[in-house]
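Asks: mmCIF, C-alpha atoms, file work.cif:
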```
data_start
#
loop_
_atom_site.label_atom_id
_atom_site.label_comp_id
_atom_site.auth_asym_id
_atom_site.auth_seq_id
_atom_site.Cartn_x
_atom_site.Cartn_y
_atom_site.Cartn_z
CA MET A 1 140.84 14.23 70.87
CA CYS A 2 144.55 13.89 71.31
CA THR A 3 145.57 11.44 68.64
CA TYR A 4 149.04 10.89 70.11
CA LEU A 5 149.90 9.54 66.68
CA THR A 6 152.53 11.47 64.77
CA VAL A 7 153.78 10.74 61.28
CA LYS A 8 157.39 11.81 60.91
CA VAL A 9 159.30 12.48 57.73
CA ASP A 10 162.96 13.40 57.27
CA LEU A 11 163.46 16.55 55.23
CA ASP A 12 166.17 18.43 53.39
CA GLY A 13 165.43 22.13 53.23
CA SER A 14 165.13 25.35 55.15
CA GLY A 15 162.43 27.16 57.04
CA LYS A 16 161.97 30.60 58.50
CA GLY A 17 160.99 30.60 62.15
CA ALA A 18 160.68 33.20 64.88
CA HIS A 19 164.46 33.71 64.90
CA GLY A 20 165.11 33.67 61.16
CA TRP A 21 166.10 30.98 58.71
CA PHE A 22 167.31 27.58 59.83
CA THR A 23 167.99 24.18 58.31
CA LEU A 24 165.07 21.76 58.48
CA SER A 25 165.69 18.12 59.21
CA GLN A 26 162.25 16.75 59.96
CA ALA A 27 158.51 17.29 59.84
CA SER A 28 155.91 16.01 62.29
CA VAL A 29 152.49 15.58 60.71
CA TYR A 30 149.45 14.87 62.87
CA VAL A 31 145.75 15.54 63.42
CA ASP A 32 145.07 17.11 66.79
CA HIS A 33 143.78 20.19 68.55
CA PRO A 34 145.25 23.37 67.07
CA GLN A 35 146.91 26.08 69.14
CA HIS A 36 145.39 28.88 67.11
CA ALA A 37 143.10 27.79 64.24
CA PRO A 38 139.41 28.18 65.12
CA GLN A 39 138.53 24.49 64.80
CA ALA A 40 138.42 21.59 67.24
CA HIS A 41 140.89 19.58 65.14
CA THR A 42 143.32 20.41 62.37
CA LEU A 43 146.03 18.76 60.32
CA ASN A 44 149.19 20.12 61.90
CA ILE A 45 152.67 20.18 60.48
CA ASP A 46 155.74 21.09 62.50
CA PHE A 47 158.77 21.71 60.31
CA ILE A 48 161.59 21.27 62.79
CA ASN A 49 165.25 20.73 63.49
CA PRO A 50 165.44 18.90 66.83
CA ALA A 51 169.22 19.37 66.96
CA ALA A 52 168.73 23.14 66.96
CA GLY A 53 166.27 23.08 69.86
CA PRO A 54 162.51 23.29 70.30
CA SER A 55 162.27 26.84 68.98
CA ALA A 56 163.61 25.81 65.57
CA ARG A 57 160.09 25.23 64.34
CA VAL A 58 157.74 26.44 61.64
CA ALA A 59 154.20 25.38 62.45
CA VAL A 60 151.03 25.28 60.37
CA GLU A 61 147.51 24.22 61.36
CA LEU A 62 145.26 23.44 58.39
CA SER A 63 141.69 22.31 57.84
CA GLU A 64 141.41 18.87 56.27
CA GLU A 65 140.38 20.39 52.93
CA SER A 66 143.27 22.84 53.00
CA ALA A 67 145.77 20.13 53.84
CA LEU A 68 144.63 17.93 50.97
CA ALA A 69 144.63 20.91 48.58
CA LEU A 70 148.17 21.73 49.71
CA ALA A 71 149.31 18.16 49.10
CA ASP A 72 147.82 18.30 45.59
CA ALA A 73 149.41 21.70 44.96
CA ILE A 74 152.83 20.38 45.99
CA ARG A 75 152.53 17.49 43.55
CA LEU A 76 151.22 19.78 40.79
CA ALA A 77 154.03 22.28 41.25
CA LEU A 78 156.65 19.55 41.15
CA ALA A 79 155.03 17.95 38.09
CA SER A 80 155.23 21.26 36.25
CA ALA A 81 159.01 21.46 36.70
CA PRO A 82 161.58 19.19 35.08
CA PRO A 83 161.91 15.97 37.13
CA GLY A 84 164.75 16.23 39.62
CA LEU A 85 165.09 19.99 39.33
CA ALA A 86 164.48 20.54 43.05
CA SER A 87 166.13 17.31 44.13
CA SER A 88 168.60 17.35 47.00
CA ALA A 89 170.63 14.65 45.23
CA PRO A 90 172.55 16.44 42.45
CA ALA A 91 173.17 13.21 40.51
CA ALA A 92 169.44 12.73 40.16
CA ALA A 93 168.82 16.26 39.02
CA ALA A 94 168.09 16.92 35.39
CA PRO A 95 170.32 19.62 33.88
CA LEU A 96 168.60 22.95 33.50
CA VAL A 97 170.00 23.49 30.03
CA GLN A 98 170.65 20.57 27.72
CA ALA A 99 174.16 20.63 26.27
CA MET B 100 138.94 37.45 105.10
CA PHE B 101 142.60 36.76 104.43
CA ASP B 102 142.95 35.74 100.81
CA ALA B 103 146.53 36.55 99.86
CA MET B 104 148.25 34.04 97.61
CA LEU B 105 151.62 33.45 95.99
CA ALA B 106 152.28 32.09 92.52
CA GLU B 107 155.75 31.35 91.18
CA THR B 108 157.91 29.01 89.16
CA VAL B 109 159.76 26.38 91.18
CA SER B 110 161.82 23.26 90.55
CA PHE B 111 161.73 19.83 92.18
CA ALA B 112 162.74 16.28 91.36
CA GLY B 113 160.49 14.26 89.09
CA HIS B 114 160.79 10.76 87.71
CA GLY B 115 164.32 9.41 88.00
CA GLY B 116 165.36 12.46 90.04
CA ASP B 117 165.23 14.69 86.95
CA PRO B 118 164.69 18.37 87.73
CA LEU B 119 161.19 19.51 86.75
CA GLU B 120 160.06 23.05 86.18
CA ALA B 121 156.67 23.67 87.80
CA TYR B 122 154.23 26.47 88.47
CA VAL B 123 153.01 26.60 92.05
CA ALA B 124 150.19 28.70 93.47
CA ARG B 125 149.30 28.64 97.16
CA PRO B 126 147.32 30.57 99.72
CA LEU B 127 149.54 32.42 102.18
CA GLY B 128 147.50 31.56 105.24
CA PRO B 129 148.73 29.01 107.79
CA GLY B 130 146.52 26.23 106.46
CA PRO B 131 146.40 23.36 106.71
CA TYR B 132 145.32 23.11 103.08
CA GLY B 133 144.56 20.24 100.75
CA ALA B 134 146.63 20.12 97.57
CA VAL B 135 146.13 19.56 93.86
CA VAL B 136 148.50 18.46 91.10
CA VAL B 137 147.32 20.00 87.83
CA ILE B 138 148.26 17.82 84.84
CA HIS B 139 148.40 19.98 81.74
CA HIS B 140 146.90 19.03 78.40
CA MET B 141 148.90 17.81 75.43
CA PRO B 142 149.40 21.32 73.99
CA GLY B 143 151.54 21.97 77.00
CA TYR B 144 152.37 23.93 80.10
CA ASP B 145 150.62 27.07 78.98
CA GLU B 146 148.89 30.16 80.33
CA GLY B 147 145.55 28.38 80.56
CA ASN B 148 146.94 25.71 82.87
CA LYS B 149 148.73 28.28 85.00
CA GLU B 150 145.43 30.13 85.36
CA ILE B 151 143.77 26.89 86.48
CA THR B 152 146.55 26.42 89.03
CA ARG B 153 145.99 29.91 90.42
CA ARG B 154 142.26 29.25 90.60
CA PHE B 155 142.85 26.38 93.00
CA ALA B 156 145.01 28.58 95.22
CA ALA B 157 142.38 31.32 95.18
CA ASN B 158 139.92 28.72 96.43
CA GLY B 159 142.09 27.55 99.32
CA TYR B 160 144.22 24.76 97.86
CA LEU B 161 147.94 24.34 97.37
CA ALA B 162 148.38 23.68 93.66
CA VAL B 163 151.23 22.82 91.37
CA CYS B 164 151.39 22.26 87.62
CA PRO B 165 154.58 20.44 86.63
CA ASN B 166 155.94 21.10 83.14
CA LEU B 167 155.82 17.57 81.77
CA TYR B 168 157.98 18.70 78.87
CA SER B 169 160.77 20.06 81.09
CA ARG B 170 163.23 17.51 79.75
CA GLU B 171 162.58 17.91 76.04
CA ALA B 172 162.30 21.65 75.94
CA PRO B 173 163.53 23.58 78.98
CA GLY B 174 162.66 27.25 78.62
CA ALA B 175 160.88 26.87 75.28
CA SER B 176 157.48 28.41 74.59
CA PRO B 177 154.65 26.00 75.47
CA ASP B 178 153.65 25.25 71.89
CA ASP B 179 157.25 24.65 70.78
CA ALA B 180 157.78 22.45 73.84
CA ALA B 181 154.65 20.42 73.05
CA ALA B 182 155.84 19.93 69.47
CA ALA B 183 159.29 18.83 70.67
CA ALA B 184 157.77 16.38 73.16
CA ARG B 185 155.51 14.98 70.47
CA ALA B 186 158.40 14.59 68.03
CA ALA B 187 160.33 12.75 70.75
CA GLY B 188 157.49 10.26 71.19
CA GLY B 189 155.39 11.90 73.91
CA VAL B 190 155.39 11.39 77.66
CA PRO B 191 155.83 7.73 78.64
CA ASP B 192 153.31 6.55 81.25
CA GLU B 193 155.99 5.46 83.72
CA ARG B 194 157.65 8.88 83.57
CA LEU B 195 154.31 10.62 84.07
CA VAL B 196 153.66 8.65 87.24
CA GLY B 197 157.12 9.53 88.56
CA ASP B 198 156.65 13.20 87.77
CA VAL B 199 153.26 13.36 89.49
CA ALA B 200 154.76 11.53 92.48
CA GLY B 201 157.44 14.24 92.64
CA ALA B 202 154.79 16.96 92.48
CA ALA B 203 152.75 15.29 95.23
CA ALA B 204 155.84 14.99 97.43
CA TYR B 205 156.61 18.69 96.84
CA LEU B 206 153.08 19.64 97.92
CA ARG B 207 153.08 17.42 101.00
CA ALA B 208 156.37 18.98 102.11
CA LEU B 209 154.91 22.50 102.14
CA GLN B 210 154.43 23.73 105.67
CA SER B 211 150.75 24.55 105.15
CA SER B 212 149.85 21.15 103.64
CA ASN B 213 147.31 18.90 105.33
CA GLY B 214 148.95 15.92 103.65
CA LYS B 215 146.10 15.23 101.24
CA VAL B 216 146.87 15.44 97.53
CA ALA B 217 144.58 15.07 94.51
CA THR B 218 145.21 15.14 90.77
CA ILE B 219 143.24 16.83 88.03
CA GLY B 220 143.98 16.64 84.33
CA TYR B 221 142.50 17.81 81.10
CA CYS B 222 142.45 16.06 77.73
CA SER B 223 145.55 13.79 77.67
CA GLY B 224 146.01 14.96 81.28
CA GLY B 225 142.62 13.46 82.12
CA ARG B 226 143.91 10.05 81.13
CA GLN B 227 147.11 10.78 83.06
CA SER B 228 145.14 11.78 86.16
CA PHE B 229 143.44 8.37 86.04
CA LEU B 230 146.83 6.73 85.46
CA ALA B 231 148.32 8.49 88.49
CA ALA B 232 145.32 7.50 90.63
CA CYS B 233 145.94 3.85 89.72
CA ASN B 234 149.60 4.06 90.75
CA LEU B 235 149.97 6.58 93.58
CA ASP B 236 148.56 7.17 97.03
CA LEU B 237 146.15 10.04 96.39
CA ALA B 238 143.12 11.43 98.21
CA ALA B 239 141.06 12.11 95.06
CA ALA B 240 141.35 12.44 91.29
CA VAL B 241 139.52 14.28 88.54
CA ASP B 242 139.51 13.19 84.90
CA CYS B 243 138.33 15.90 82.52
CA TYR B 244 137.53 14.27 79.17
CA GLY B 245 140.59 12.05 79.05
CA ALA B 246 140.61 9.88 75.93
CA PHE B 247 141.79 6.28 75.94
CA VAL B 248 141.12 5.48 79.56
CA VAL B 249 138.67 3.15 77.87
CA GLY B 250 138.29 2.17 74.30
CA THR B 251 139.71 -0.25 71.88
CA PRO B 252 140.91 1.91 69.02
CA PRO B 253 139.89 0.96 65.49
CA GLU B 254 142.37 -1.36 63.79
CA SER B 255 143.33 1.37 61.34
CA PHE B 256 144.23 3.64 64.22
CA PRO B 257 147.64 2.85 65.66
CA LEU B 258 147.99 4.25 69.15
CA ALA B 259 151.04 5.24 71.08
CA VAL B 260 149.25 4.83 74.41
CA GLU B 261 147.47 1.91 75.99
CA PRO B 262 143.92 2.06 77.32
CA LEU B 263 143.87 2.02 81.13
CA LEU B 264 140.76 -0.07 81.73
CA PRO B 265 142.85 -3.19 82.50
CA ILE B 266 144.38 -1.43 85.52
CA ALA B 267 141.14 0.16 86.76
CA ASP B 268 141.11 -2.30 89.67
CA ARG B 269 144.14 -0.38 91.01
CA LEU B 270 142.24 2.91 91.19
CA GLY B 271 143.02 3.89 94.76
CA CYS B 272 140.95 7.02 95.38
CA PRO B 273 137.56 8.58 94.60
CA LEU B 274 137.34 9.65 90.95
CA LEU B 275 135.31 12.52 89.49
CA GLY B 276 134.81 12.34 85.72
CA LEU B 277 133.64 15.33 83.69
CA PHE B 278 132.79 14.72 80.06
CA GLY B 279 131.17 16.38 77.06
CA ALA B 280 128.13 14.54 75.71
CA GLU B 281 129.22 15.54 72.20
CA ASP B 282 132.81 14.37 72.61
CA MET B 283 133.97 11.48 70.43
CA TYR B 284 137.16 10.80 72.41
CA PRO B 285 136.01 9.71 74.92
CA SER B 286 132.62 8.95 73.41
CA PRO B 287 129.50 8.69 75.59
CA ALA B 288 129.64 4.90 75.01
CA GLN B 289 133.21 4.78 76.35
CA VAL B 290 132.23 6.86 79.38
CA THR B 291 129.41 4.36 80.02
CA GLU B 292 131.86 1.47 79.65
CA LEU B 293 134.17 3.01 82.25
CA GLU B 294 131.21 3.71 84.52
CA GLN B 295 130.12 0.07 84.33
CA GLU B 296 133.60 -1.23 85.07
CA LEU B 297 134.12 1.07 88.06
CA THR B 298 130.69 0.05 89.40
CA ARG B 299 131.60 -3.62 88.97
CA LEU B 300 134.85 -3.01 90.82
CA GLY B 301 133.07 -1.22 93.66
CA LYS B 302 135.04 2.01 93.20
CA THR B 303 133.94 5.40 94.53
CA PHE B 304 133.29 7.67 91.57
CA GLU B 305 130.93 10.26 90.14
CA PHE B 306 130.56 11.04 86.43
CA HIS B 307 128.87 14.02 84.81
CA SER B 308 128.33 14.42 81.07
CA PHE B 309 127.34 17.86 79.86
CA GLU B 310 124.88 18.31 77.01
CA GLY B 311 125.93 20.78 74.33
CA ALA B 312 129.60 20.34 75.23
CA GLY B 313 132.35 18.44 73.47
CA HIS B 314 136.05 17.98 74.12
CA SER B 315 137.97 20.76 75.90
CA PHE B 316 134.87 22.60 77.14
CA PHE B 317 136.88 24.06 80.03
CA ALA B 318 139.41 25.74 77.69
CA THR B 319 138.48 29.42 77.77
CA ASP B 320 140.90 30.26 74.94
CA ARG B 321 139.52 27.74 72.46
CA PRO B 322 136.37 27.59 70.35
CA ALA B 323 135.35 24.44 72.25
CA TYR B 324 134.75 26.50 75.43
CA ARG B 325 131.23 26.01 76.79
CA PRO B 326 130.54 28.39 79.67
CA LEU B 327 127.53 26.55 81.12
CA ALA B 328 129.36 23.22 81.25
CA ALA B 329 132.55 24.84 82.54
CA VAL B 330 130.79 26.76 85.31
CA GLU B 331 128.97 23.66 86.53
CA GLY B 332 132.11 21.60 86.04
CA TRP B 333 134.10 23.91 88.32
CA GLN B 334 131.36 23.66 90.95
CA ARG B 335 131.58 19.85 90.76
CA ILE B 336 135.37 19.97 91.09
CA PHE B 337 135.33 22.17 94.17
CA ALA B 338 132.57 20.10 95.77
CA TRP B 339 134.69 16.98 95.15
CA PHE B 340 137.82 18.47 96.63
CA ASP B 341 135.87 19.95 99.54
CA ARG B 342 134.67 16.42 100.29
CA TYR B 343 137.97 14.57 99.90
CA LEU B 344 140.74 17.09 100.58
CA SER B 345 139.34 18.83 103.64
CA ASN B 346 140.93 18.47 107.03
#
```
Would you mind writing the structure in this file as C-alpha cells?
Replies:
Amino acid sequence: MCTYLTVKVDLDGSGKGAHGWFTLSQASVYVDHPQHAPQAHTLNIDFINPAAGPSARVAVELSEESALALADAIRLALASAPPGLASSAPAAAAPLVQA
Amino acid sequence: MFDAMLAETVSFAGHGGDPLEAYVARPLGPGPYGAVVVIHHMPGYDEGNKEITRRFAANGYLAVCPNLYSREAPGASPDDAAAAARAAGGVPDERLVGDVAGAAAYLRALQSSNGKVATIGYCSGGRQSFLAACNLDLAAAVDCYGAFVVGTPPESFPLAVEPLLPIADRLGCPLLGLFGAEDMYPSPAQVTELEQELTRLGKTFEFHSFEGAGHSFFATDRPAYRPLAAVEGWQRIFAWFDRYLSN
C-alpha cells in the first residue's frame, strides 16, 4: 500500500549522499513500498536537506525488525556516552574532562 | 505492417499553467488513434512507467506519462523526486486533476488523435485515475490496485488523502478495475464495497481480482510481480481500450 503518511523530524547533522557530504536538516520516516529492498513494504528513512535540492538525500529501506533494532541501538549507543556529549546545543553538553 | 513509433520527453502546461515534464510515446502512422494518460505510482516517474507508456504506443495508442513531481524536483532522479514530493506533502488532489487535464489536452491536440482519452494509474495512480474520471471528460479509465478509493481507515491511521467513494456518483466514464486478491490496500472487501456502490449508481465498470497476486503485481522490477496476473491484466486493459477508445 501507499501509506501517504510521513513522519517528519528536524535534524542537526550531516550525511553523505551521491555527491558527497552535505548538511542534514530533516528526516522523513514512513512505511511504504521500497525502491530496492526485496520486500513489499519497508520502514524508509530519507535524510534530506530540502533547501539543497532533491538530490541532497541519504535513503535507507529497512525491514520492521531492522528498524526497531536500529532504534534500540541508537538509544543504547547514546546511553553509553556521557549525557549531552553529542548534543548540538553546547550549553547542554557535559564537559569531556572534568576540571 | 507499419509499426514505427516515437518516444520523447516533452513539456506542456499542467494545473495552474505550470510547466510539466512528460514522457510521450506515439505511433508514427496517420491515425486516428485513441490516447492514454499514464499516471505513475507514488515511487515516481521512473523507467517502469516509461516502459508502460511505450507499450501503449506499440499497441496503437498515443500515450503520455506526466511527471507529477515536476514542480518539487525538476531534473532529479525518480526516487529522489518521489522523496521530495513526499516531504512536501504529496500531490494534492486538485493539482492532480489539473495535471491530468493538461495531459489530456496535449494528447487531443496531437494531429493523429481521435479525440478520445483514457487514464490508467497504478498504486496511488490507481486512486488518481479514479479521481480524474470523476472530474474530467474521459472516454475510459483503469484503476490498478488504487488504495483509498474506498475504505474508512482505522482511527489510529491518519491519512493525508480522502477516500473517493463519496464522489463516485461523478464517475463519468467506463471504469476497469484490476486488483490482487491478496492485496490489503485495497482489500478484497473494499473492492467489493466499491463494486456494490458502482452497481447501485448504475455505472459501467468491470472488476477483476487475480488470485495469487497482491499489490503492484504489474511491476516487473519488484518482488510483487506476478506474471500470470500481469499478462491477463494487460489483455484486459487492451480489450477495454479497444472497446472505448476505438474510432
Asks: Write out as a VMD selection string which residues come within 9 Å of region 228-245 of chain B when counting only C-alpha atoms, dropping same-chain ones fewer than 6 positions away.
Replies: (chain A and resid 1 to 2) or (chain B and resid 135 to 138 192 195 to 197 199 to 200 203 215 to 222 263 266 to 279 282 284 to 285 313 to 317 336 339 to 340 343 to 344)
Asks: Return the neighbours of chain B among the residues of chain A, cut-off 10 Å, counting all atoms listed in the file, as a PDB file with C-alpha atoms, in the frame of the given file.
Replies:
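Result file follows (iface.pdb):
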```pdb
ATOM      1  CA  MET A   1     140.840  14.230  70.870  1.00  0.00           C
ATOM      2  CA  CYS A   2     144.550  13.890  71.310  1.00  0.00           C
ATOM      3  CA  THR A   3     145.570  11.440  68.640  1.00  0.00           C
ATOM      4  CA  TYR A   4     149.040  10.890  70.110  1.00  0.00           C
ATOM      5  CA  LEU A   5     149.900   9.540  66.680  1.00  0.00           C
ATOM      6  CA  THR A   6     152.530  11.470  64.770  1.00  0.00           C
ATOM      7  CA  VAL A   7     153.780  10.740  61.280  1.00  0.00           C
ATOM      8  CA  LYS A   8     157.390  11.810  60.910  1.00  0.00           C
ATOM      9  CA  GLN A  26     162.250  16.750  59.960  1.00  0.00           C
ATOM     10  CA  ALA A  27     158.510  17.290  59.840  1.00  0.00           C
ATOM     11  CA  SER A  28     155.910  16.010  62.290  1.00  0.00           C
ATOM     12  CA  VAL A  29     152.490  15.580  60.710  1.00  0.00           C
ATOM     13  CA  TYR A  30     149.450  14.870  62.870  1.00  0.00           C
ATOM     14  CA  ASP A  32     145.070  17.110  66.790  1.00  0.00           C
ATOM     15  CA  HIS A  33     143.780  20.190  68.550  1.00  0.00           C
ATOM     16  CA  PRO A  34     145.250  23.370  67.070  1.00  0.00           C
ATOM     17  CA  GLN A  35     146.910  26.080  69.140  1.00  0.00           C
ATOM     18  CA  HIS A  36     145.390  28.880  67.110  1.00  0.00           C
ATOM     19  CA  ALA A  37     143.100  27.790  64.240  1.00  0.00           C
ATOM     20  CA  PRO A  38     139.410  28.180  65.120  1.00  0.00           C
ATOM     21  CA  GLN A  39     138.530  24.490  64.800  1.00  0.00           C
ATOM     22  CA  ALA A  40     138.420  21.590  67.240  1.00  0.00           C
ATOM     23  CA  ILE A  45     152.670  20.180  60.480  1.00  0.00           C
ATOM     24  CA  ASP A  46     155.740  21.090  62.500  1.00  0.00           C
ATOM     25  CA  PHE A  47     158.770  21.710  60.310  1.00  0.00           C
ATOM     26  CA  ILE A  48     161.590  21.270  62.790  1.00  0.00           C
ATOM     27  CA  ASN A  49     165.250  20.730  63.490  1.00  0.00           C
ATOM     28  CA  PRO A  50     165.440  18.900  66.830  1.00  0.00           C
ATOM     29  CA  GLY A  53     166.270  23.080  69.860  1.00  0.00           C
ATOM     30  CA  PRO A  54     162.510  23.290  70.300  1.00  0.00           C
ATOM     31  CA  SER A  55     162.270  26.840  68.980  1.00  0.00           C
ATOM     32  CA  ALA A  56     163.610  25.810  65.570  1.00  0.00           C
ATOM     33  CA  ARG A  57     160.090  25.230  64.340  1.00  0.00           C
ATOM     34  CA  VAL A  58     157.740  26.440  61.640  1.00  0.00           C
ATOM     35  CA  ALA A  59     154.200  25.380  62.450  1.00  0.00           C
TER      36      ALA A  59
END
```
Asks: Do a neighbour search on Gly214 (chain B) at 10 Å with all atoms listed in the file, toss out local chain neighbours closer than 2 positions, and write the hits as a ChimeraX atom specification.
Replies: /B:131-134,203-204,206-212,216,237-238,344,346
Asks: I need the residue set behind the PyMOL selection byres ((chain A and resi 11) around 8) for this file; please write it as a count of residues only.
Replies: 8
Asks: CA of Phe111 (chain B) and CA of Tyr205 (chain B), how far apart in Å?
Replies: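 Going from CA of Tyr205 (chain B) over to CA of Phe111 (chain B), I get 7.0 Å.
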Asks: Can you translate the PyMOL selection byres ((chain B and resi 262) around 8) into the concrete residues it hits in this file, as a list of chain:residue names?
Replies: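 Taken over the shown coordinates, the PyMOL selection byres ((chain B and resi 262) around 8) returns B:Phe247, B:Val248, B:Val249, B:Gly250, B:Thr251, B:Val260, B:Glu261, B:Leu263, B:Leu264, B:Pro265.
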Asks: What does the distance between CA of Ala79 (chain A) and CA of Ser66 (chain A) come to in Å, to one decimal place?
Replies: 19.6 Å
Asks: For the PyMOL selection byres ((chain B and resi 156) around 12), applied here, can you spell out every residue it catches as a PyMOL selection string?
Replies: chain B and resi 102-107+122-128+130+132-137+149-155+157-164+337
Asks: What is the distance, in Å and to one decimal place, between CA of Asp145 (chain B) and CA of Arg335 (chain B)?
Replies: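 Straight-line distance from CA of Asp145 (chain B) to CA of Arg335 (chain B) works out to 23.5 Å.
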Asks: In file coordinates, which residues lie within 8 Å of (146.5, 19.8, 59.0) using only C-alpha atoms, given as number ranges by chain?
Replies: A: 29-31, 42-45, 60-64, 66-67
Asks: Mind working out the centre and edge lengths of an axis-aligned box for region 212-219 of chain B, all listed atoms inside, 4 Å added to each side, rounded to one decimal in Å and written as lines of an AutoDock Vina configuration file?
Replies:
```
center_x = 146.5
center_y = 18.1
center_z = 96.7
size_x = 14.6
size_y = 14.1
size_z = 25.3
```
